[in-house]
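Below is the file start.pdb, which contains PDB, C-alpha atoms.
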```pdb
ATOM      1  CA  MET A   1     -47.108 -18.707  -7.047
ATOM      2  CA  ARG A   2     -47.774 -18.270 -10.760
ATOM      3  CA  GLU A   3     -50.778 -16.060 -10.010
ATOM      4  CA  LEU A   4     -48.670 -13.864  -7.692
ATOM      5  CA  ILE A   5     -46.029 -13.429 -10.380
ATOM      6  CA  ASP A   6     -48.770 -12.635 -12.900
ATOM      7  CA  MET A   7     -50.221 -10.097 -10.476
ATOM      8  CA  PHE A   8     -46.810  -8.488  -9.900
ATOM      9  CA  LEU A   9     -46.095  -8.306 -13.652
ATOM     10  CA  THR A  10     -49.575  -6.984 -14.485
ATOM     11  CA  PHE A  11     -49.325  -4.209 -11.922
ATOM     12  CA  ALA A  12     -45.712  -3.518 -12.941
ATOM     13  CA  ARG A  13     -46.913  -3.041 -16.527
ATOM     14  CA  ILE A  14     -49.674  -0.727 -15.313
ATOM     15  CA  GLY A  15     -47.243   1.203 -13.121
ATOM     16  CA  GLY A  16     -44.631   1.431 -15.851
ATOM     17  CA  LEU A  17     -46.856   2.373 -18.758
ATOM     18  CA  THR A  18     -49.120   4.998 -17.234
ATOM     19  CA  PHE A  19     -48.106   8.511 -16.334
ATOM     20  CA  GLY A  20     -49.963  11.027 -14.220
ATOM     21  CA  GLY A  21     -50.776   9.030 -11.125
ATOM     22  CA  GLY A  22     -53.775   7.002 -10.040
ATOM     23  CA  TYR A  23     -56.407   8.771 -12.126
ATOM     24  CA  ALA A  24     -54.459   8.319 -15.329
ATOM     25  CA  MET A  25     -54.119   4.612 -14.523
ATOM     26  CA  MET A  26     -57.868   4.065 -14.454
ATOM     27  CA  PRO A  27     -58.310   3.102 -18.131
ATOM     28  CA  MET A  28     -55.445   0.597 -18.003
ATOM     29  CA  LEU A  29     -56.540  -0.754 -14.622
ATOM     30  CA  GLN A  30     -60.031  -1.248 -15.975
ATOM     31  CA  ARG A  31     -58.761  -3.064 -19.047
ATOM     32  CA  GLU A  32     -56.273  -5.286 -17.180
ATOM     33  CA  VAL A  33     -57.989  -5.903 -13.836
ATOM     34  CA  VAL A  34     -61.636  -5.968 -14.917
ATOM     35  CA  GLU A  35     -61.723  -7.011 -18.567
ATOM     36  CA  LYS A  36     -58.663  -9.272 -19.004
ATOM     37  CA  LYS A  37     -57.906 -10.800 -15.598
ATOM     38  CA  HIS A  38     -61.394 -10.567 -14.025
ATOM     39  CA  TRP A  39     -59.826  -9.844 -10.640
ATOM     40  CA  ALA A  40     -62.521  -7.265  -9.881
ATOM     41  CA  THR A  41     -65.760  -5.943 -11.314
ATOM     42  CA  GLU A  42     -66.123  -2.382 -12.599
ATOM     43  CA  ASN A  43     -68.110  -1.461  -9.487
ATOM     44  CA  GLU A  44     -65.477  -2.974  -7.202
ATOM     45  CA  LEU A  45     -62.730  -1.064  -9.014
ATOM     46  CA  MET A  46     -64.691   2.179  -8.600
ATOM     47  CA  ASP A  47     -65.157   1.415  -4.908
ATOM     48  CA  TYR A  48     -61.433   0.685  -4.520
ATOM     49  CA  TYR A  49     -60.673   4.009  -6.214
ATOM     50  CA  ALA A  50     -63.065   5.896  -3.943
ATOM     51  CA  VAL A  51     -61.696   4.322  -0.773
ATOM     52  CA  GLY A  52     -58.127   4.591  -2.091
ATOM     53  CA  GLN A  53     -58.585   8.321  -2.505
ATOM     54  CA  CYS A  54     -59.828   8.700   1.062
ATOM     55  CA  THR A  55     -57.053   6.695   2.683
ATOM     56  CA  PRO A  56     -53.469   7.841   3.186
ATOM     57  CA  GLY A  57     -51.076   6.997   0.395
ATOM     58  CA  VAL A  58     -51.043   6.847  -3.353
ATOM     59  CA  ILE A  59     -54.314   5.923  -5.082
ATOM     60  CA  ALA A  60     -52.606   3.470  -7.443
ATOM     61  CA  VAL A  61     -50.901   1.632  -4.587
ATOM     62  CA  ASN A  62     -54.056   1.588  -2.471
ATOM     63  CA  THR A  63     -56.055   0.209  -5.399
ATOM     64  CA  ALA A  64     -53.395  -2.432  -6.075
ATOM     65  CA  VAL A  65     -53.538  -3.466  -2.413
ATOM     66  CA  PHE A  66     -57.343  -3.817  -2.554
ATOM     67  CA  VAL A  67     -57.253  -5.885  -5.762
ATOM     68  CA  GLY A  68     -54.361  -8.047  -4.583
ATOM     69  CA  ASN A  69     -56.030  -8.640  -1.228
ATOM     70  CA  LYS A  70     -59.288  -9.649  -2.918
ATOM     71  CA  VAL A  71     -57.554 -12.146  -5.191
ATOM     72  CA  ARG A  72     -54.875 -13.641  -2.909
ATOM     73  CA  GLY A  73     -55.131 -12.038   0.510
ATOM     74  CA  PHE A  74     -52.113 -10.423   2.157
ATOM     75  CA  VAL A  75     -49.507 -11.903  -0.208
ATOM     76  CA  GLY A  76     -51.584 -10.758  -3.191
ATOM     77  CA  ALA A  77     -51.732  -7.251  -1.742
ATOM     78  CA  VAL A  78     -47.952  -7.244  -1.340
ATOM     79  CA  ALA A  79     -47.340  -8.598  -4.864
ATOM     80  CA  ALA A  80     -49.706  -6.097  -6.499
ATOM     81  CA  SER A  81     -48.398  -3.096  -4.539
ATOM     82  CA  LEU A  82     -44.758  -3.999  -5.190
ATOM     83  CA  GLY A  83     -45.590  -4.448  -8.858
ATOM     84  CA  VAL A  84     -47.213  -1.038  -9.237
ATOM     85  CA  VAL A  85     -44.380   0.718  -7.355
ATOM     86  CA  PHE A  86     -41.368  -1.064  -8.876
ATOM     87  CA  PRO A  87     -41.316   0.619 -12.323
ATOM     88  CA  SER A  88     -41.741   4.071 -10.791
ATOM     89  CA  LEU A  89     -38.859   3.453  -8.416
ATOM     90  CA  VAL A  90     -36.556   2.377 -11.246
ATOM     91  CA  ILE A  91     -37.633   5.279 -13.496
ATOM     92  CA  ILE A  92     -37.295   7.882 -10.726
ATOM     93  CA  VAL A  93     -33.812   6.692  -9.784
ATOM     94  CA  ALA A  94     -32.735   6.798 -13.452
ATOM     95  CA  ILE A  95     -34.237  10.255 -14.030
ATOM     96  CA  ALA A  96     -32.791  11.635 -10.791
ATOM     97  CA  ALA A  97     -29.329  10.565 -11.886
ATOM     98  CA  PHE A  98     -29.531  12.558 -15.139
ATOM     99  CA  ILE A  99     -32.222  15.254 -14.743
ATOM    100  CA  GLN A 100     -29.848  18.072 -13.802
ATOM    101  CA  SER A 101     -27.819  17.524 -16.960
ATOM    102  CA  PHE A 102     -30.786  17.630 -19.343
ATOM    103  CA  SER A 103     -33.599  19.633 -17.725
ATOM    104  CA  ASP A 104     -32.602  22.910 -19.396
ATOM    105  CA  LEU A 105     -32.673  21.487 -22.929
ATOM    106  CA  PRO A 106     -35.633  22.788 -24.957
ATOM    107  CA  ILE A 107     -36.433  19.306 -26.282
ATOM    108  CA  VAL A 108     -36.752  17.963 -22.736
ATOM    109  CA  GLN A 109     -38.928  20.909 -21.656
ATOM    110  CA  ASN A 110     -41.166  20.388 -24.694
ATOM    111  CA  ALA A 111     -41.359  16.654 -23.994
ATOM    112  CA  PHE A 112     -42.557  17.358 -20.451
ATOM    113  CA  ALA A 113     -45.101  19.871 -21.769
ATOM    114  CA  GLY A 114     -46.447  17.198 -24.118
ATOM    115  CA  ILE A 115     -46.534  14.619 -21.344
ATOM    116  CA  ARG A 116     -48.592  16.995 -19.169
ATOM    117  CA  VAL A 117     -51.182  17.379 -21.945
ATOM    118  CA  GLY A 118     -51.321  13.620 -22.492
ATOM    119  CA  VAL A 119     -51.787  13.012 -18.776
ATOM    120  CA  CYS A 120     -54.651  15.531 -18.680
ATOM    121  CA  VAL A 121     -56.387  13.590 -21.456
ATOM    122  CA  LEU A 122     -55.927  10.283 -19.588
ATOM    123  CA  ILE A 123     -57.324  11.797 -16.399
ATOM    124  CA  LEU A 124     -60.309  13.269 -18.265
ATOM    125  CA  ASP A 125     -60.966   9.871 -19.858
ATOM    126  CA  ALA A 126     -60.935   8.227 -16.414
ATOM    127  CA  VAL A 127     -63.289  10.897 -15.021
ATOM    128  CA  ILE A 128     -65.753  10.411 -17.893
ATOM    129  CA  LYS A 129     -65.752   6.633 -17.397
ATOM    130  CA  LEU A 130     -66.224   7.000 -13.633
ATOM    131  CA  PHE A 131     -69.008   9.548 -14.213
ATOM    132  CA  LYS A 132     -70.893   7.188 -16.540
ATOM    133  CA  LYS A 133     -70.738   4.364 -13.995
ATOM    134  CA  ALA A 134     -71.420   6.473 -10.885
ATOM    135  CA  ILE A 135     -74.373   8.573 -12.096
ATOM    136  CA  VAL A 136     -77.148   5.997 -12.189
ATOM    137  CA  ASP A 137     -80.237   7.976 -11.156
ATOM    138  CA  LYS A 138     -81.527  11.430 -10.220
ATOM    139  CA  PHE A 139     -80.165  11.162  -6.682
ATOM    140  CA  THR A 140     -76.597  10.415  -7.776
ATOM    141  CA  LEU A 141     -76.783  13.190 -10.379
ATOM    142  CA  ALA A 142     -78.023  15.678  -7.762
ATOM    143  CA  LEU A 143     -75.344  14.515  -5.316
ATOM    144  CA  PHE A 144     -72.693  14.938  -8.014
ATOM    145  CA  VAL A 145     -73.818  18.494  -8.779
ATOM    146  CA  ILE A 146     -73.985  19.454  -5.095
ATOM    147  CA  VAL A 147     -70.550  18.021  -4.256
ATOM    148  CA  PHE A 148     -68.981  19.466  -7.419
ATOM    149  CA  VAL A 149     -70.335  22.970  -6.818
ATOM    150  CA  ALA A 150     -69.432  22.817  -3.127
ATOM    151  CA  SER A 151     -65.890  21.668  -3.923
ATOM    152  CA  VAL A 152     -65.431  24.589  -6.307
ATOM    153  CA  PHE A 153     -66.576  27.201  -3.780
ATOM    154  CA  ILE A 154     -65.624  25.686  -0.413
ATOM    155  CA  ASP A 155     -61.973  25.058   0.382
ATOM    156  CA  ILE A 156     -62.074  22.015   2.680
ATOM    157  CA  ASN A 157     -60.489  18.591   2.700
ATOM    158  CA  PRO A 158     -61.969  16.374  -0.061
ATOM    159  CA  ILE A 159     -62.494  13.605   2.491
ATOM    160  CA  ILE A 160     -65.292  15.717   4.005
ATOM    161  CA  PHE A 161     -67.095  15.662   0.646
ATOM    162  CA  VAL A 162     -66.638  11.899   0.307
ATOM    163  CA  ILE A 163     -67.899  11.264   3.848
ATOM    164  CA  ALA A 164     -70.868  13.605   3.333
ATOM    165  CA  ALA A 165     -71.721  11.846   0.056
ATOM    166  CA  ALA A 166     -71.486   8.462   1.787
ATOM    167  CA  VAL A 167     -73.795   9.645   4.578
ATOM    168  CA  ALA A 168     -76.242  10.992   1.990
ATOM    169  CA  GLY A 169     -76.160   7.631   0.194
ATOM    170  CA  ILE A 170     -76.850   5.782   3.453
ATOM    171  CA  ILE A 171     -79.749   8.110   4.301
ATOM    172  CA  VAL A 172     -81.309   7.638   0.860
ATOM    173  CA  TYR A 173     -80.865   3.855   1.177
ATOM    174  CA  ILE A 174     -82.605   3.877   4.564
ATOM    175  CA  LEU A 175     -85.410   6.089   3.270
ATOM    176  CA  LYS A 176     -85.936   3.836   0.247
ATOM    177  CA  GLY A 177     -86.090   0.859   2.598
ATOM    178  CA  GLU A 178     -88.725   2.624   4.703
ATOM    179  CA  LYS A 179     -90.827   3.347   1.620
ATOM    180  CA  ALA A 180     -90.663  -0.297   0.536
ATOM    181  CA  LYS A 181     -92.163  -1.451   3.864
TER     182      LYS A 181
END
```
Produce structure tokens that represent the structure in this file.
Amino acid sequence: MRELIDMFLTFARIGGLTFGGGYAMMPMLQREVVEKKHWATENELMDYYAVGQCTPGVIAVNTAVFVGNKVRGFVGAVAASLGVVFPSLVIIVAIAAFIQSFSDLPIVQNAFAGIRVGVCVLILDAVIKLFKKAIVDKFTLALFVIVFVASVFIDINPIIFVIAAAVAGIIVYILKGEKAK
């Protein structure tokens, strides 16, 4: 029970102290889940992020479910997902109650402008960390360039790119296995 409470509180802290969604949470998730609690490895966290992006729902919640499930099964998944959602729910209800009264104030508009910049920095930091861990050889670098360029010029669902990259990874794995024989 203590571990479930710890999981809820850890994910509540992550959910309450990061702004900008799942990508902005990556640095804090890495620090808490990988480095402090050792609930997942860096590679597992990256995998959870990748799958979490491809599945319906919020990346942060999906990632919390994967981590919680790994550590404590179904009840761990519930504790982690409730933890990551709880602060947002409380904050959104509080903001919704007062936003109409304050949204036109210049100080509030400037605060939101500053928050947007800060969130962009957090997302960029997460992308750089993911890039460093994901690009491990010439194949992954080439795959990155191809998918990036294609995503800029082709307007299709990002899941198609993820599935295509997965298929390419499987093909390369099979071909490497054939060469080793």
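When the PyMOL selection byres ((chain A and resi 37) around 12) is run on the displayed coordinates, the residues it returns are Glu3, Asp6, Met7, Thr10, Phe11, Met28, Leu29, Gln30, Arg31, Glu32, Val33, Val34, Glu35, Lys36, His38, Trp39, Ala40, Thr41, Val67, Gly68 and Val71 of chain A.
The residues returned by the PyMOL selection byres ((chain A and resi 81-90) around 8) for this structure are Met7, Phe8, Leu9, Thr10, Phe11, Ala12, Arg13, Ile14, Gly15, Gly16, Ala60, Val61, Asn62, Ala64, Val65, Gly68, Ala77, Val78, Ala79, Ala80, Ile91, Ile92, Val93 and Ala94 of chain A.
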Output of the PyMOL selection byres ((chain A and resi 162) around 12), listed as a ChimeraX atom specification: /A:47,49-55,143-144,146-148,150-151,156-161,163-169
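Take the candidates A:Leu4, A:Ala111, A:Met26, A:Val172 and check each one against Phe74 of chain A using only C-alpha atoms; the shortest distance goes to A:Leu4.
For the set A:Val149, A:Ala24, A:Gly73, A:Gly177, the residue with the smallest atom-to-atom gap to Arg116 of chain A is A:Ala24, counting all atoms listed in the file.
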Counting only C-alpha atoms, the residue of A:Ile59, A:Met25, A:Lys138, A:Glu44 that sits nearest Val121 of chain A: A:Met25
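With atom CA of Lys129 of chain A on one side and atom CA of Pro27 of chain A on the other, the separation reads 8.3 Å.
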Find the smallest box with edges along x, y and z containing every listed atom of segment 51-56 of chain A, then add 4 Å on each side and report centre and edge lengths in Å to one decimal, as lines of an AutoDock Vina configuration file.
```
center_x = -57.6
center_y = 6.5
center_z = 0.3
size_x = 16.2
size_y = 12.4
size_z = 13.7
```
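Minimum distance to Gly118 of chain A across A:Gly57, A:Thr18, A:Pro106, A:Leu45 (counting only C-alpha atoms) occurs at A:Thr18.
Distance check against Ile128 of chain A using all atoms listed in the file: of A:Phe112, A:Ile154, A:Ser101, A:Tyr23, the minimum falls on A:Tyr23.
Between atom CA of Asp125 of chain A and atom CA of Leu17 of chain A the interatomic distance comes to 16.0 Å.
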Coordinates-based distance that separates atom CA of Ile174 of chain A from atom CA of Val152 of chain A (Å, one decimal): 29.0 Å
